[in-house]
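Dropping my_file-v2.pdb in here (PDB, C-alpha atoms and all ligand atoms):
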```
MODEL        1
ATOM      1  CA  MET A   1     320.065-138.462 -31.166
ATOM      2  CA  ALA A   2     316.507-138.643 -29.789
ATOM      3  CA  VAL A   3     313.443-136.539 -30.505
ATOM      4  CA  GLY A   4     310.569-136.058 -28.050
ATOM      5  CA  THR A   5     307.353-134.291 -28.995
ATOM      6  CA  ALA A   6     304.175-133.288 -27.201
ATOM      7  CA  PRO A   7     300.939-131.545 -28.206
ATOM      8  CA  GLY A   8     299.318-128.484 -26.688
ATOM      9  CA  LYS A   9     296.000-128.748 -24.860
ATOM     10  CA  VAL A  10     292.814-126.916 -24.081
ATOM     11  CA  ILE A  11     290.402-127.378 -21.229
ATOM     12  CA  LEU A  12     287.041-128.252 -22.762
ATOM     13  CA  LEU A  13     285.014-127.773 -19.581
ATOM     14  CA  GLY A  14     285.635-127.518 -15.845
ATOM     15  CA  GLU A  15     288.509-125.033 -15.401
ATOM     16  CA  HIS A  16     288.764-123.415 -11.962
ATOM     17  CA  ALA A  17     286.213-125.793 -10.424
ATOM     18  CA  VAL A  18     288.813-128.540 -10.996
ATOM     19  CA  VAL A  19     291.088-126.840  -8.449
ATOM     20  CA  TYR A  20     288.311-127.445  -5.854
ATOM     21  CA  GLY A  21     287.892-131.151  -6.545
ATOM     22  CA  GLN A  22     285.320-131.047  -9.343
ATOM     23  CA  PRO A  23     285.879-132.951 -12.612
ATOM     24  CA  ALA A  24     287.192-131.303 -15.777
ATOM     25  CA  ILE A  25     287.722-132.449 -19.354
ATOM     26  CA  ALA A  26     290.807-131.476 -21.346
ATOM     27  CA  VAL A  27     291.761-132.430 -24.885
ATOM     28  CA  PRO A  28     295.084-132.414 -26.746
ATOM     29  CA  VAL A  29     295.643-129.806 -29.458
ATOM     30  CA  THR A  30     297.725-131.721 -31.971
ATOM     31  CA  HIS A  31     297.866-128.822 -34.394
ATOM     32  CA  VAL A  32     300.607-127.261 -32.264
ATOM     33  CA  GLN A  33     303.560-129.086 -30.794
ATOM     34  CA  ALA A  34     306.688-128.824 -28.652
ATOM     35  CA  THR A  35     309.852-130.654 -29.696
ATOM     36  CA  ALA A  36     313.005-131.543 -27.780
ATOM     37  CA  VAL A  37     316.075-132.951 -29.523
ATOM     38  CA  VAL A  38     318.746-134.569 -27.330
ATOM     39  CA  GLU A  39     322.198-135.153 -28.819
ATOM     40  CA  ASP A  40     325.538-136.187 -27.419
ATOM     41  CA  ALA A  41     327.853-133.218 -26.912
ATOM     42  CA  PRO A  42     331.683-133.087 -26.816
ATOM     43  CA  ALA A  43     333.199-134.611 -23.677
ATOM     44  CA  GLY A  44     333.448-132.221 -20.747
ATOM     45  CA  THR A  45     330.863-129.736 -22.044
ATOM     46  CA  GLY A  46     328.096-130.880 -19.658
ATOM     47  CA  ILE A  47     324.377-130.562 -20.371
ATOM     48  CA  THR A  48     323.353-127.500 -22.345
ATOM     49  CA  ILE A  49     319.793-126.360 -23.006
ATOM     50  CA  VAL A  50     319.212-124.378 -26.170
ATOM     51  CA  ALA A  51     315.768-122.777 -25.756
ATOM     52  CA  ARG A  52     315.173-121.061 -29.084
ATOM     53  CA  ASP A  53     311.811-119.517 -28.132
ATOM     54  CA  LEU A  54     313.303-117.972 -24.986
ATOM     55  CA  GLY A  55     316.418-116.902 -26.897
ATOM     56  CA  ARG A  56     318.518-118.648 -24.253
ATOM     57  CA  ARG A  57     321.318-121.140 -24.042
ATOM     58  CA  PHE A  58     322.446-122.261 -20.613
ATOM     59  CA  ARG A  59     324.238-125.060 -18.883
ATOM     60  CA  ILE A  60     322.563-127.341 -16.348
ATOM     61  CA  SER A  61     324.364-127.203 -13.027
ATOM     62  CA  ASN A  62     323.406-127.373  -9.385
ATOM     63  CA  ARG A  63     322.650-123.634  -9.462
ATOM     64  CA  GLU A  64     319.190-122.627 -10.670
ATOM     65  CA  PRO A  65     319.316-120.532 -13.866
ATOM     66  CA  ARG A  66     317.824-117.034 -13.790
ATOM     67  CA  GLY A  67     314.141-116.674 -14.778
ATOM     68  CA  ARG A  68     311.197-118.936 -14.011
ATOM     69  CA  ALA A  69     310.964-120.473 -17.494
ATOM     70  CA  ALA A  70     314.647-121.472 -17.536
ATOM     71  CA  ALA A  71     314.393-122.750 -13.947
ATOM     72  CA  ALA A  72     311.444-124.936 -15.006
ATOM     73  CA  LEU A  73     313.454-126.427 -17.885
ATOM     74  CA  ALA A  74     316.410-127.103 -15.588
ATOM     75  CA  ARG A  75     314.148-128.692 -13.003
ATOM     76  CA  THR A  76     312.638-130.946 -15.670
ATOM     77  CA  VAL A  77     316.093-132.175 -16.669
ATOM     78  CA  HIS A  78     317.209-132.740 -13.040
ATOM     79  CA  ASN A  79     314.034-134.639 -12.114
ATOM     80  CA  THR A  80     314.059-136.770 -15.251
ATOM     81  CA  LEU A  81     317.705-137.771 -14.811
ATOM     82  CA  ARG A  82     317.047-138.634 -11.162
ATOM     83  CA  ARG A  83     314.019-140.729 -12.197
ATOM     84  CA  LEU A  84     316.172-142.531 -14.790
ATOM     85  CA  GLY A  85     318.869-143.162 -12.174
ATOM     86  CA  ARG A  86     321.422-140.897 -13.908
ATOM     87  CA  SER A  87     323.444-137.939 -12.662
ATOM     88  CA  ILE A  88     323.871-134.568 -14.376
ATOM     89  CA  ASP A  89     327.424-135.599 -15.124
ATOM     90  CA  LEU A  90     326.628-136.182 -18.838
ATOM     91  CA  ASP A  91     327.545-134.365 -22.048
ATOM     92  CA  LEU A  92     324.341-133.552 -23.888
ATOM     93  CA  GLU A  93     322.791-130.767 -25.887
ATOM     94  CA  ILE A  94     319.005-130.405 -25.570
ATOM     95  CA  THR A  95     317.462-128.197 -28.253
ATOM     96  CA  LEU A  96     313.894-127.007 -27.730
ATOM     97  CA  SER A  97     311.411-125.548 -30.160
ATOM     98  CA  SER A  98     307.671-125.132 -29.921
ATOM     99  CA  THR A  99     304.697-123.915 -31.903
ATOM    100  CA  VAL A 100     302.508-123.915 -28.767
ATOM    101  CA  PRO A 101     301.746-120.245 -28.026
ATOM    102  CA  ILE A 102     303.143-119.187 -24.644
ATOM    103  CA  GLY A 103     300.849-117.889 -21.871
ATOM    104  CA  ARG A 104     297.625-118.610 -23.711
ATOM    105  CA  GLY A 105     296.278-121.566 -21.743
ATOM    106  CA  LEU A 106     297.500-124.034 -24.358
ATOM    107  CA  GLY A 107     299.838-125.787 -21.947
ATOM    108  CA  SER A 108     303.107-124.605 -23.496
ATOM    109  CA  GLY A 109     305.134-125.200 -20.311
ATOM    110  CA  ALA A 110     303.799-128.737 -19.854
ATOM    111  CA  ALA A 111     304.265-129.516 -23.562
ATOM    112  CA  VAL A 112     307.927-128.469 -23.560
ATOM    113  CA  ALA A 113     308.564-130.363 -20.318
ATOM    114  CA  THR A 114     306.882-133.494 -21.730
ATOM    115  CA  ALA A 115     309.007-133.285 -24.879
ATOM    116  CA  ILE A 116     312.183-133.022 -22.736
ATOM    117  CA  VAL A 117     311.241-135.986 -20.533
ATOM    118  CA  ARG A 118     310.469-138.170 -23.562
ATOM    119  CA  ALA A 119     313.601-137.221 -25.486
ATOM    120  CA  LEU A 120     315.863-137.778 -22.466
ATOM    121  CA  ALA A 121     314.293-141.153 -21.646
ATOM    122  CA  GLN A 122     314.647-142.260 -25.253
ATOM    123  CA  HIS A 123     318.235-141.033 -25.596
ATOM    124  CA  LEU A 124     319.343-142.633 -22.337
ATOM    125  CA  GLY A 125     317.488-145.877 -22.983
ATOM    126  CA  GLY A 126     315.071-145.544 -20.053
ATOM    127  CA  TYR A 127     311.447-146.667 -20.160
ATOM    128  CA  LEU A 128     308.796-144.335 -18.792
ATOM    129  CA  THR A 129     305.036-144.881 -18.958
ATOM    130  CA  SER A 130     302.708-141.983 -19.824
ATOM    131  CA  ARG A 131     301.888-141.789 -16.126
ATOM    132  CA  ASP A 132     305.594-141.528 -15.197
ATOM    133  CA  VAL A 133     305.948-138.723 -17.749
ATOM    134  CA  SER A 134     302.855-136.991 -16.373
ATOM    135  CA  ASP A 135     304.157-137.210 -12.776
ATOM    136  CA  LEU A 136     307.529-135.737 -13.761
ATOM    137  CA  VAL A 137     305.905-132.907 -15.690
ATOM    138  CA  TYR A 138     303.664-132.172 -12.696
ATOM    139  CA  GLN A 139     306.835-131.318 -10.735
ATOM    140  CA  THR A 140     307.646-128.718 -13.386
ATOM    141  CA  GLU A 141     304.080-127.399 -13.352
ATOM    142  CA  LEU A 142     304.451-126.686  -9.629
ATOM    143  CA  LEU A 143     307.106-124.142 -10.530
ATOM    144  CA  HIS A 144     305.022-122.547 -13.294
ATOM    145  CA  HIS A 145     301.677-122.330 -11.538
ATOM    146  CA  GLY A 146     302.075-122.670  -7.787
ATOM    147  CA  THR A 147     299.009-124.878  -7.201
ATOM    148  CA  PRO A 148     298.308-126.710 -10.462
ATOM    149  CA  SER A 149     295.453-129.209 -10.509
ATOM    150  CA  GLY A 150     297.543-131.596 -12.634
ATOM    151  CA  ILE A 151     295.213-131.576 -15.642
ATOM    152  CA  ASP A 152     297.741-130.075 -18.092
ATOM    153  CA  ASN A 153     300.480-132.630 -17.507
ATOM    154  CA  THR A 154     297.900-135.447 -17.657
ATOM    155  CA  VAL A 155     296.274-134.561 -20.978
ATOM    156  CA  ILE A 156     299.587-133.684 -22.610
ATOM    157  CA  ALA A 157     301.482-136.748 -21.414
ATOM    158  CA  PHE A 158     298.629-139.101 -22.413
ATOM    159  CA  GLY A 159     297.885-137.204 -25.651
ATOM    160  CA  LYS A 160     294.185-138.162 -25.439
ATOM    161  CA  PRO A 161     291.018-136.528 -24.103
ATOM    162  CA  VAL A 162     290.957-136.922 -20.314
ATOM    163  CA  TYR A 163     288.268-136.757 -17.668
ATOM    164  CA  PHE A 164     290.132-135.557 -14.638
ATOM    165  CA  ILE A 165     289.420-135.212 -10.914
ATOM    166  CA  ARG A 166     292.292-133.844  -8.882
ATOM    167  CA  ASP A 167     294.091-136.535  -6.829
ATOM    168  CA  ARG A 168     291.327-139.048  -7.640
ATOM    169  CA  CYS A 169     290.895-139.936 -11.259
ATOM    170  CA  ASP A 170     292.380-139.379 -14.673
ATOM    171  CA  GLU A 171     290.519-141.366 -17.248
ATOM    172  CA  VAL A 172     291.472-141.302 -20.902
ATOM    173  CA  PHE A 173     288.439-141.635 -23.144
ATOM    174  CA  TRP A 174     287.517-141.730 -26.823
ATOM    175  CA  PRO A 175     284.805-139.404 -28.115
ATOM    176  CA  GLY A 176     282.013-141.261 -29.918
ATOM    177  CA  ARG A 177     282.494-138.931 -32.849
ATOM    178  CA  PRO A 178     285.474-136.705 -33.772
ATOM    179  CA  PHE A 179     284.878-132.989 -33.379
ATOM    180  CA  TRP A 180     286.571-129.734 -34.281
ATOM    181  CA  LEU A 181     287.401-126.782 -32.091
ATOM    182  CA  ALA A 182     288.163-123.255 -33.198
ATOM    183  CA  ILE A 183     290.519-121.730 -30.640
ATOM    184  CA  GLY A 184     290.446-117.936 -30.670
ATOM    185  CA  ASP A 185     293.173-115.920 -28.978
ATOM    186  CA  THR A 186     292.163-112.612 -27.371
ATOM    187  CA  GLY A 187     295.805-111.523 -27.610
ATOM    188  CA  ILE A 188     295.596-110.559 -23.945
ATOM    189  CA  PRO A 189     298.113-112.388 -21.755
ATOM    190  CA  SER A 190     296.558-114.254 -18.881
ATOM    191  CA  SER A 191     298.397-115.249 -15.715
ATOM    192  CA  THR A 192     296.987-118.569 -14.524
ATOM    193  CA  ARG A 193     298.721-118.070 -11.187
ATOM    194  CA  ARG A 194     297.084-114.666 -10.660
ATOM    195  CA  VAL A 195     293.563-115.602 -11.806
ATOM    196  CA  VAL A 196     293.582-118.810  -9.727
ATOM    197  CA  ALA A 197     294.706-116.793  -6.670
ATOM    198  CA  ASP A 198     291.977-114.208  -7.288
ATOM    199  CA  VAL A 199     289.272-116.890  -7.537
ATOM    200  CA  ARG A 200     290.602-118.341  -4.290
ATOM    201  CA  ASP A 201     290.253-114.931  -2.584
ATOM    202  CA  ARG A 202     286.654-114.644  -3.765
ATOM    203  CA  TRP A 203     285.915-118.203  -2.632
ATOM    204  CA  GLN A 204     287.372-117.491   0.800
ATOM    205  CA  ARG A 205     285.138-114.423   1.134
ATOM    206  CA  ASP A 206     281.936-116.254   0.076
ATOM    207  CA  ARG A 207     282.328-120.006   0.173
ATOM    208  CA  PRO A 208     278.645-121.053  -0.191
ATOM    209  CA  THR A 209     278.187-119.085  -3.431
ATOM    210  CA  TYR A 210     281.458-120.234  -4.987
ATOM    211  CA  ASP A 211     281.047-123.847  -3.886
ATOM    212  CA  ALA A 212     277.619-123.828  -5.576
ATOM    213  CA  HIS A 213     279.149-122.518  -8.821
ATOM    214  CA  PHE A 214     281.913-125.129  -8.682
ATOM    215  CA  ALA A 215     279.384-127.931  -8.054
ATOM    216  CA  ALA A 216     277.239-126.705 -10.965
ATOM    217  CA  ILE A 217     280.306-126.780 -13.222
ATOM    218  CA  GLY A 218     281.144-130.294 -11.998
ATOM    219  CA  ALA A 219     277.640-131.488 -12.935
ATOM    220  CA  LEU A 220     277.989-129.983 -16.429
ATOM    221  CA  VAL A 221     281.334-131.736 -16.907
ATOM    222  CA  ALA A 222     279.853-135.118 -15.951
ATOM    223  CA  GLN A 223     277.066-134.593 -18.525
ATOM    224  CA  ALA A 224     279.597-133.481 -21.123
ATOM    225  CA  ARG A 225     281.550-136.701 -20.672
ATOM    226  CA  GLU A 226     278.386-138.689 -21.475
ATOM    227  CA  ALA A 227     277.568-136.461 -24.444
ATOM    228  CA  LEU A 228     281.104-136.850 -25.816
ATOM    229  CA  ILE A 229     281.093-140.619 -25.492
ATOM    230  CA  LYS A 230     277.702-140.744 -27.275
ATOM    231  CA  GLY A 231     278.951-138.318 -29.922
ATOM    232  CA  ASP A 232     276.105-135.888 -29.147
ATOM    233  CA  LEU A 233     277.766-132.629 -30.198
ATOM    234  CA  HIS A 234     274.624-130.495 -29.900
ATOM    235  CA  GLU A 235     274.385-131.460 -26.241
ATOM    236  CA  LEU A 236     278.099-130.790 -25.773
ATOM    237  CA  GLY A 237     277.633-127.317 -27.251
ATOM    238  CA  ARG A 238     274.749-126.580 -24.891
ATOM    239  CA  LEU A 239     276.848-127.681 -21.902
ATOM    240  CA  MET A 240     279.758-125.469 -22.996
ATOM    241  CA  ILE A 241     277.428-122.457 -23.047
ATOM    242  CA  ALA A 242     276.128-123.327 -19.570
ATOM    243  CA  ASN A 243     279.725-123.698 -18.343
ATOM    244  CA  GLN A 244     280.522-120.240 -19.718
ATOM    245  CA  ASP A 245     277.580-118.792 -17.737
ATOM    246  CA  GLU A 246     279.154-120.196 -14.560
ATOM    247  CA  LEU A 247     282.633-118.927 -15.460
ATOM    248  CA  ARG A 248     281.200-115.463 -16.044
ATOM    249  CA  ALA A 249     279.535-115.650 -12.618
ATOM    250  CA  ILE A 250     282.827-116.476 -10.852
ATOM    251  CA  GLY A 251     284.497-113.513 -12.537
ATOM    252  CA  THR A 252     286.910-115.164 -14.949
ATOM    253  CA  SER A 253     285.478-113.898 -18.245
ATOM    254  CA  SER A 254     286.200-110.521 -19.856
ATOM    255  CA  ASP A 255     284.754-108.266 -22.532
ATOM    256  CA  ALA A 256     287.264-109.524 -25.099
ATOM    257  CA  LEU A 257     286.367-113.165 -24.391
ATOM    258  CA  GLU A 258     282.628-112.417 -24.482
ATOM    259  CA  ARG A 259     283.019-110.644 -27.820
ATOM    260  CA  LEU A 260     284.748-113.654 -29.398
ATOM    261  CA  ILE A 261     282.241-116.103 -27.888
ATOM    262  CA  ALA A 262     279.281-114.099 -29.252
ATOM    263  CA  ALA A 263     280.920-113.871 -32.696
ATOM    264  CA  ALA A 264     281.520-117.632 -32.818
ATOM    265  CA  MET A 265     277.928-118.413 -31.822
ATOM    266  CA  ALA A 266     276.539-115.967 -34.396
ATOM    267  CA  ALA A 267     278.647-117.676 -37.081
ATOM    268  CA  GLY A 268     277.153-121.107 -36.344
ATOM    269  CA  ALA A 269     279.253-122.662 -33.547
ATOM    270  CA  LEU A 270     277.396-125.280 -31.485
ATOM    271  CA  GLY A 271     278.856-123.902 -28.255
ATOM    272  CA  ALA A 272     281.606-121.573 -27.095
ATOM    273  CA  LYS A 273     283.340-120.621 -23.862
ATOM    274  CA  LEU A 274     286.584-119.331 -22.446
ATOM    275  CA  SER A 275     289.233-121.981 -21.929
ATOM    276  CA  GLY A 276     291.818-122.096 -19.150
ATOM    277  CA  SER A 277     292.285-119.437 -16.549
ATOM    278  CA  GLY A 278     290.349-116.723 -18.407
ATOM    279  CA  ARG A 279     290.343-112.886 -18.232
ATOM    280  CA  GLY A 280     292.515-113.083 -21.370
ATOM    281  CA  GLY A 281     293.999-116.035 -23.199
ATOM    282  CA  ASN A 282     291.828-118.220 -25.381
ATOM    283  CA  MET A 283     288.235-119.085 -26.026
ATOM    284  CA  ILE A 284     287.064-122.253 -27.787
ATOM    285  CA  ALA A 285     284.142-122.829 -30.124
ATOM    286  CA  LEU A 286     282.676-126.198 -31.069
ATOM    287  CA  VAL A 287     282.507-126.311 -34.872
ATOM    288  CA  ASP A 288     282.235-128.836 -37.674
ATOM    289  CA  GLU A 289     283.564-129.059 -41.220
ATOM    290  CA  THR A 290     280.755-126.874 -42.521
ATOM    291  CA  THR A 291     281.050-124.070 -39.931
ATOM    292  CA  SER A 292     284.782-123.964 -39.111
ATOM    293  CA  ASP A 293     285.753-121.466 -41.841
ATOM    294  CA  ALA A 294     282.876-119.099 -41.066
ATOM    295  CA  VAL A 295     283.577-119.256 -37.314
ATOM    296  CA  ALA A 296     287.330-118.669 -37.833
ATOM    297  CA  ALA A 297     286.573-115.653 -40.048
ATOM    298  CA  ALA A 298     284.064-114.263 -37.535
ATOM    299  CA  LEU A 299     286.584-114.656 -34.710
ATOM    300  CA  ARG A 300     289.253-112.743 -36.655
ATOM    301  CA  CYS A 301     286.733-110.064 -37.511
ATOM    302  CA  ALA A 302     285.819-109.737 -33.813
ATOM    303  CA  GLY A 303     289.458-109.124 -32.928
ATOM    304  CA  ALA A 304     291.023-112.576 -32.412
ATOM    305  CA  GLN A 305     294.809-112.318 -32.710
ATOM    306  CA  GLY A 306     295.079-115.898 -33.880
ATOM    307  CA  VAL A 307     292.723-118.783 -34.621
ATOM    308  CA  ILE A 308     293.652-122.459 -34.508
ATOM    309  CA  ILE A 309     291.303-125.118 -35.868
ATOM    310  CA  THR A 310     292.020-128.503 -34.385
ATOM    311  CA  ARG A 311     290.372-131.898 -34.702
ATOM    312  CA  VAL A 312     289.826-133.985 -31.578
ATOM    313  CA  SER A 313     289.309-137.720 -31.878
TER     314      SER A 313
HETATM  315  O1  LIG A 401     295.176-121.374 -18.250
HETATM  316  P1  LIG A 401     295.440-122.836 -18.228
HETATM  317  O2  LIG A 401     294.909-123.598 -19.360
HETATM  318  O3  LIG A 401     296.824-123.207 -17.835
HETATM  319  O4  LIG A 401     294.485-123.475 -17.179
HETATM  320  C1  LIG A 401     294.327-123.197 -15.880
HETATM  321  C2  LIG A 401     293.233-124.110 -15.425
HETATM  322  C3  LIG A 401     292.771-123.849 -14.033
HETATM  323  O5  LIG A 401     291.730-124.770 -13.793
HETATM  324  C4  LIG A 401     292.238-122.441 -13.920
HETATM  325  C5  LIG A 401     293.903-124.073 -13.039
HETATM  326  C6  LIG A 401     294.361-125.510 -12.908
HETATM  327  O6  LIG A 401     295.454-125.704 -12.313
HETATM  328  O7  LIG A 401     293.652-126.438 -13.319
ENDMDL
END
```
Can I see the file as structure tokens?
Ligand code: PMV
Amino acid sequence: MAVGTAPGKVILLGEHAVVYGQPAIAVPVTHVQATAVVEDAPAGTGITIVARDLGRRFRISNREPRGRAAAALARTVHNTLRRLGRSIDLDLEITLSSTVPIGRGLGSGAAVATAIVRALAQHLGGYLTSRDVSDLVYQTELLHHGTPSGIDNTVIAFGKPVYFIRDRCDEVFWPGRPFWLAIGDTGIPSSTRRVVADVRDRWQRDRPTYDAHFAAIGALVAQAREALIKGDLHELGRLMIANQDELRAIGTSSDALERLIAAAMAAGALGAKLSGSGRGGNMIALVDETTSDAVAAALRCAGAQGVIITRVS
């Protein structure tokens, strides 16, 4: 038997602009986690996936299972076995469970895929580096998101804060000082695929304006990397607020997100912004040990459906 796990993630700064070649920073959310358990199954039963959160149990074959989520799981298994030089002619049961909320920008799809890749590699005695895992999970992300930048698979497979530029650089780094994030859920589902496509439409209609917003976000991300390495959390908070101004300008915020951001700031957060694709999903607030409880309470009071406090180091 082998167990693979993977954390969730949030984008700290740089979402959307990252799709257009600007840098972004993402951090793992270790408070939530996906788990895959791989066990040998009776001879002749093939490979079965038991996806508890989807309420599904299905066999891996050469036919794609119905539904995008199941297809993504099947693709992950196929690609991993191919990478390990094995065929699907094995008898295995793969049981999945996850505390990463689905469809909230916390990287649930990439976390489950990473857990599967790790558990399979371990069970079958194959060695994969974090980069190999990230590359395999990227193939799954293509199915979930259409045109993913690759940031989710990178931060989740490495399990460390990453400074990421699409197709150019993924640098793991250590913050100069640990920090805490309060992650507030609007309770409104957000489709990354749809919001990314909508931003693309707007960009195509007015490239100079959108390119300027993306470049401004890129500059904020570069400064945030410096601030993080120095451990200057006040500066990081200021940059998060400036990033939110840009995200509002490109049309990815919403009243619900703005309400939670304002509540977090009023309760003492150092900075706050939406995280991920926006419109719905999550916002994040930069807090410390003395403000985290007050910010979490203020977020709930302002309508957050769930609040996660996570430490990043
Ligand atoms: O909603 P999430 O966290 O999956 O993030 C989407 C981030 C975008 O920058 C909007 C898209 C991407 O592929 O990076």
What do you get as number ranges by chain if you pick all residues at most 8 Å from ligand LIG 401 (chain A), counting only C-alpha atoms and all ligand atoms?
A: 9-11, 14-19, 103-107, 145, 147-152, 190-193, 195-196, 275-278, 281
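Shortest separation to A:Thr114 among A:Thr99, A:Ser130, A:Gln204, A:Thr290 occurs at residue A:Ser130, atoms counted being all atoms listed in the file.
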Minimum-distance residue to A:Arg238, chosen among A:Ala285, A:Leu96, A:Leu181, A:Leu260 (using only C-alpha atoms)
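Comparing A:Ala285, A:Leu96, A:Leu181, A:Leu260 against A:Arg238, the winner is A:Ala285.
Near A:Ala264, within 8 Å and counting only C-alpha atoms, sit Ala272, Ala285, Val295, Ala296, Ala298 and Leu299 of chain A, not including residues fewer than 6 positions from it in the same chain.
Using all atoms listed in the file, the nearest neighbour of A:Val155 within the list A:Ala70, A:Arg57, A:Ser253, A:Leu12 is A:Leu12.
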Determine the nearest neighbour of A:Gly218 from the options A:Gly159, A:Gly109, A:Pro23, A:Gly268, counting only C-alpha atoms.
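Ranking A:Gly159, A:Gly109, A:Pro23, A:Gly268 by distance to A:Gly218, first place goes to A:Pro23.
Residue selection for this entry, given the PyMOL selection byres (((chain A and resi 46) around 7) and not hetatm), comprises Gly44, Thr45, Ile47, Thr48, Asp89, Leu90, Asp91 and Leu92 of chain A.
Closest to A:Phe179 among A:Ser292, A:Thr140, A:Thr76, A:Gln223 is A:Ser292, based on only C-alpha atoms.
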What separates atom CA of A:Asn62 and atom CA of A:Val50 is a distance of 17.6 Å
Residues near A:Tyr127, anyone? I mean within 12 Å using all atoms listed in the file, not counting same-chain ones fewer than 2 positions away, as a PyMOL selection string.
chain A and resi 80+83-85+117-125+129-133
Of the candidates A:Leu128, A:Ala224, A:Val29, A:Val199, which one gets nearest to A:Leu247 if we count only C-alpha atoms?
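Counting only C-alpha atoms, the residue closest to A:Leu247 is A:Val199.
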For the structure shown, which residues end up in the PyMOL selection byres (((chain A and resi 112) around 10) and not hetatm)? Put them as a ChimeraX atom specification, please?
/A:4-8,33-36,51,72-73,76,96-98,100,107-111,113-117,137,156
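Here atom CA of A:Ala222 stands at a distance of 16.9 Å from atom CA of A:Lys273.
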